[in-house]
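Asker: Have a look at this one.
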Amino acid sequence: MPDKLRIGLFLPEKPLSRASKTTDKITVGLFRSLPNIRERGSDHVSTYALFVQTQKPTGEYMFEFDEDEMFYVDLDKKETVWHLPEFGQAFSFEAQGGLSNIAILKSNLKIMIERSNHTQATNEPPEVTVFPKEPVELGQPNTLVCHIDNFFPPVLNVTWLRNGKTVTEGVGESLFLPRTDYRLYAFQKFHYLTFVPSTEDVYDCKVEHWGLKEPFLKHWEAQEPIQLPETTETVVCILGLAVGLVGIITGTVLIIKALHSSRDPRDMGPL
């Protein structure tokens with residue numbers, strides 16, 4: 001099976017913020033899916049995802065294996081950045097290879113701009129969900145995940161809010177990632193916030209995108225756990241103890257009856 005190579009030209013309809021200049025923004029995207037790799041009897045998929053555009057981020061070059069990010073090329077520092085240090089010790093990738101591909105895409109983008117009739121593309125609004133990374137325990141550190149999915153173009157403003165106020169500490173984000181179904185011209189992205197769950201705090205993931213008429217807020221808050229008068233373990237323990245006592249009493253009664261019924265009448269003496 002040959003490598004799949006797709007390339008396209010897009011014209012978003014409007015700038016991301018009112019402060020931006022009202023000029024056409026052009027994006028050229030390329031996704032390259034390598035054929036399945038047979039290893040140990042299982043199917044595996046390696047994927048390179050590349051795009052360049054005239055707005056920030058101006059481009060991206062990343063590689064994933066079985067939908068897990070392996071590395072990306074930092075286009076400013078011109079170096080390969082591995083998702084985990086262990087990956088860099090086991091494998092190698094020359095950043096120059098990615099930079100060369102990005103340069104070719106930028107050249108193609110310039111040509112497309114010159115030859116394009118500037119037809120505006122449809123902005124696809126994102127789908128947003130917020131969830132904790134681990135089961136929530138009040139007072140125990142955790143991470144909130146804001147999953148932004150199925151949107152185009154790859155331009156976002158994302159802000160975390162705690163009790164309505166912007167949070168800038170303990171935040172992180174992923175690259176723009178291809179969707180798991182590899183649908184062309186659709187992206188997903190993850191934003192993270194480390195926090196300590198409390199019933200006094202509420203959180204919102206604020207997302208701004210060209211496909212939205214106004215900023216979208218996805219709300220999340222910790223729920224107060226329902227305190228039962230007795231835990232399940234306590235109830236089970238009490239029931240077990242009760243059954244045990246009933247068994248002891250029943251056994252004692254049966255033993256006494258058996259002793260009385262088995263006594264020899266001659267031992268009881270004359271009438």
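Order determines the names: the first chain of the structure tokens is A, the second B, and so forth; residues in each chain are numbered 1 upward, and ligands are numbered 1 upward as they are shown.
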Can you check which residues of segment 60-112 of chain A DSSP gives as helix (DSSP H, G or I) on the backbone and send them as a count of residues only?

Answerer: 24

Asker: Can you tell me, as a PyMOL selection string, what residues are no more than 9 Å from segment 167-177 of chain A when counting only C-alpha atoms, ignoring any on the same chain fewer than 3 positions away?

Answerer: chain A and resi 49+60+62+69+72+154-155+159-162+180+186-195

Asker: Can you list every residue in segment 30-156 of chain A that DSSP puts in strand (DSSP E or B), as a ChimeraX atom specification?

Answerer: /A:30-33,37-39,42-44,46-53,59-65,68-74,79-82,124,127-132,142-152

Asker: Could you list, as number ranges by chain, every residue within 12 Å of Pro178 of chain A, counting only C-alpha atoms and ignoring same-chain residues fewer than 6 positions away?

Answerer: A: 29-33, 47-51, 60-69, 148-154, 184-190

Asker: Given the choices A:Ser46, A:Val196, A:Gly211, A:Gln223, which gets closest to Asn142 of chain A if the distance is worked out from only C-alpha atoms?

Answerer: A:Val196

Asker: Of the residues A:Ile104, A:Glu94, A:Thr252, A:Thr129, which is the one nearest to Asp74 of chain A, using only C-alpha atoms?

Answerer: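 Looking at the shortest contact to Asp74 of chain A, the residue is A:Glu94.
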
Asker: When you look at Lys206 of chain A with a cut-off of 10 Å (counting only C-alpha atoms), what residues show up, excluding the ones that are within fewer than 3 positions of it in the same chain? I need them as a PyMOL selection string.

Answerer: chain A and resi 128+146+157-161+166+203+215-219

Asker: Using only C-alpha atoms, which protein or nucleic acid residues come within 10 Å of Ala222 of chain A? Drop anything in the same chain fewer than 2 positions from it, and give the result as a PyMOL selection string.

Answerer: chain A and resi 132+136-138+196-203+220+224-225

Asker: With all heavy atoms retained, export the selected residues as a short mmCIF file (atom, residue, chain, number, x, y, z; two decimals), in the first residue's frame.

Answerer:
data_model
loop_
_atom_site.label_atom_id
_atom_site.label_comp_id
_atom_site.auth_asym_id
_atom_site.auth_seq_id
_atom_site.Cartn_x
_atom_site.Cartn_y
_atom_site.Cartn_z
N PRO A 132 -11.98 15.03 34.42
CA PRO A 132 -10.77 14.83 35.23
C PRO A 132 -9.97 13.64 34.72
O PRO A 132 -10.55 12.66 34.23
CB PRO A 132 -11.32 14.57 36.63
CG PRO A 132 -12.67 13.96 36.38
CD PRO A 132 -13.20 14.61 35.13
N VAL A 136 -12.16 11.54 40.92
CA VAL A 136 -12.06 12.71 41.78
C VAL A 136 -12.18 12.33 43.25
O VAL A 136 -13.11 11.62 43.65
CB VAL A 136 -13.16 13.73 41.42
CG1 VAL A 136 -13.16 14.89 42.42
CG2 VAL A 136 -12.92 14.26 40.01
N GLU A 137 -11.21 12.78 44.04
CA GLU A 137 -11.25 12.70 45.49
C GLU A 137 -10.98 14.09 46.03
O GLU A 137 -9.95 14.69 45.71
CB GLU A 137 -10.21 11.71 46.02
CG GLU A 137 -10.44 10.26 45.62
CD GLU A 137 -9.42 9.32 46.25
OE1 GLU A 137 -8.95 9.65 47.35
OE2 GLU A 137 -9.08 8.31 45.63
N LEU A 138 -11.90 14.61 46.80
CA LEU A 138 -11.75 15.97 47.32
C LEU A 138 -10.45 16.10 48.10
O LEU A 138 -10.13 15.27 48.93
CB LEU A 138 -12.94 16.34 48.20
CG LEU A 138 -14.31 16.36 47.50
CD1 LEU A 138 -15.40 16.77 48.49
CD2 LEU A 138 -14.30 17.29 46.30
N VAL A 196 -6.58 20.99 42.69
CA VAL A 196 -6.98 20.20 43.84
C VAL A 196 -8.50 20.33 43.97
O VAL A 196 -9.01 21.42 44.23
CB VAL A 196 -6.29 20.68 45.13
CG1 VAL A 196 -6.79 19.87 46.33
CG2 VAL A 196 -4.78 20.57 45.01
N PRO A 197 -9.25 19.25 43.74
CA PRO A 197 -10.71 19.32 43.76
C PRO A 197 -11.25 19.84 45.10
O PRO A 197 -10.79 19.45 46.17
CB PRO A 197 -11.14 17.87 43.51
CG PRO A 197 -9.99 17.23 42.84
CD PRO A 197 -8.78 17.89 43.42
N SER A 198 -12.22 20.73 45.00
CA SER A 198 -12.87 21.29 46.17
C SER A 198 -14.30 21.65 45.79
O SER A 198 -14.56 22.07 44.66
CB SER A 198 -12.13 22.53 46.67
OG SER A 198 -12.91 23.26 47.61
N THR A 199 -15.23 21.50 46.71
CA THR A 199 -16.62 21.86 46.44
C THR A 199 -16.80 23.37 46.35
O THR A 199 -17.86 23.85 45.92
CB THR A 199 -17.54 21.29 47.53
OG1 THR A 199 -17.10 21.75 48.81
CG2 THR A 199 -17.53 19.77 47.50
N GLU A 200 -15.79 24.13 46.76
CA GLU A 200 -15.88 25.59 46.73
C GLU A 200 -15.45 26.18 45.40
O GLU A 200 -15.69 27.36 45.14
CB GLU A 200 -15.04 26.18 47.86
CG GLU A 200 -15.46 25.75 49.25
CD GLU A 200 -14.56 26.31 50.33
OE1 GLU A 200 -13.55 26.95 49.96
OE2 GLU A 200 -14.86 26.11 51.51
N ASP A 201 -14.78 25.39 44.55
CA ASP A 201 -14.25 25.89 43.29
C ASP A 201 -15.01 25.31 42.10
O ASP A 201 -15.37 24.12 42.09
CB ASP A 201 -12.76 25.56 43.14
CG ASP A 201 -11.91 26.26 44.18
OD1 ASP A 201 -12.24 27.40 44.55
OD2 ASP A 201 -10.91 25.66 44.63
N VAL A 202 -15.22 26.16 41.09
CA VAL A 202 -15.81 25.70 39.83
C VAL A 202 -14.87 26.12 38.70
O VAL A 202 -14.14 27.12 38.80
CB VAL A 202 -17.21 26.30 39.60
CG1 VAL A 202 -18.17 25.82 40.67
CG2 VAL A 202 -17.16 27.83 39.56
N TYR A 203 -14.88 25.35 37.62
CA TYR A 203 -13.92 25.57 36.53
C TYR A 203 -14.64 25.66 35.19
O TYR A 203 -15.69 25.04 34.98
CB TYR A 203 -12.90 24.42 36.49
CG TYR A 203 -12.04 24.33 37.72
CD1 TYR A 203 -12.47 23.63 38.85
CD2 TYR A 203 -10.80 24.96 37.78
CE1 TYR A 203 -11.69 23.55 39.99
CE2 TYR A 203 -10.01 24.88 38.91
CZ TYR A 203 -10.46 24.18 40.02
OH TYR A 203 -9.68 24.11 41.15
N TRP A 220 -17.23 22.74 34.59
CA TRP A 220 -16.98 21.53 35.40
C TRP A 220 -16.85 21.93 36.86
O TRP A 220 -16.27 22.97 37.19
CB TRP A 220 -15.69 20.84 34.97
CG TRP A 220 -15.48 19.52 35.66
CD1 TRP A 220 -15.90 18.30 35.25
CD2 TRP A 220 -14.82 19.31 36.93
NE1 TRP A 220 -15.55 17.33 36.16
CE2 TRP A 220 -14.89 17.92 37.20
CE3 TRP A 220 -14.21 20.14 37.84
CZ2 TRP A 220 -14.34 17.37 38.34
CZ3 TRP A 220 -13.66 19.59 39.00
CH2 TRP A 220 -13.73 18.21 39.23
N GLU A 224 -20.22 17.04 45.62
CA GLU A 224 -20.09 16.64 47.02
C GLU A 224 -20.47 15.17 47.14
O GLU A 224 -21.56 14.77 46.75
CB GLU A 224 -21.02 17.47 47.90
CG GLU A 224 -20.95 17.11 49.38
CD GLU A 224 -19.67 17.59 50.03
OE1 GLU A 224 -19.19 18.68 49.66
OE2 GLU A 224 -19.14 16.87 50.90
N PRO A 225 -19.56 14.33 47.63
CA PRO A 225 -19.90 12.91 47.75
C PRO A 225 -21.02 12.69 48.76
O PRO A 225 -21.11 13.38 49.78
CB PRO A 225 -18.59 12.27 48.24
CG PRO A 225 -17.84 13.39 48.90
CD PRO A 225 -18.22 14.64 48.13
#

Asker: If you measure from atom CA of Lys213 of chain A to atom CA of Arg179 of chain A, what distance in Å do you get, rounded to one decimal?

Answerer: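 About the pair atom CA of Lys213 of chain A and atom CA of Arg179 of chain A: they are 23.4 Å apart.
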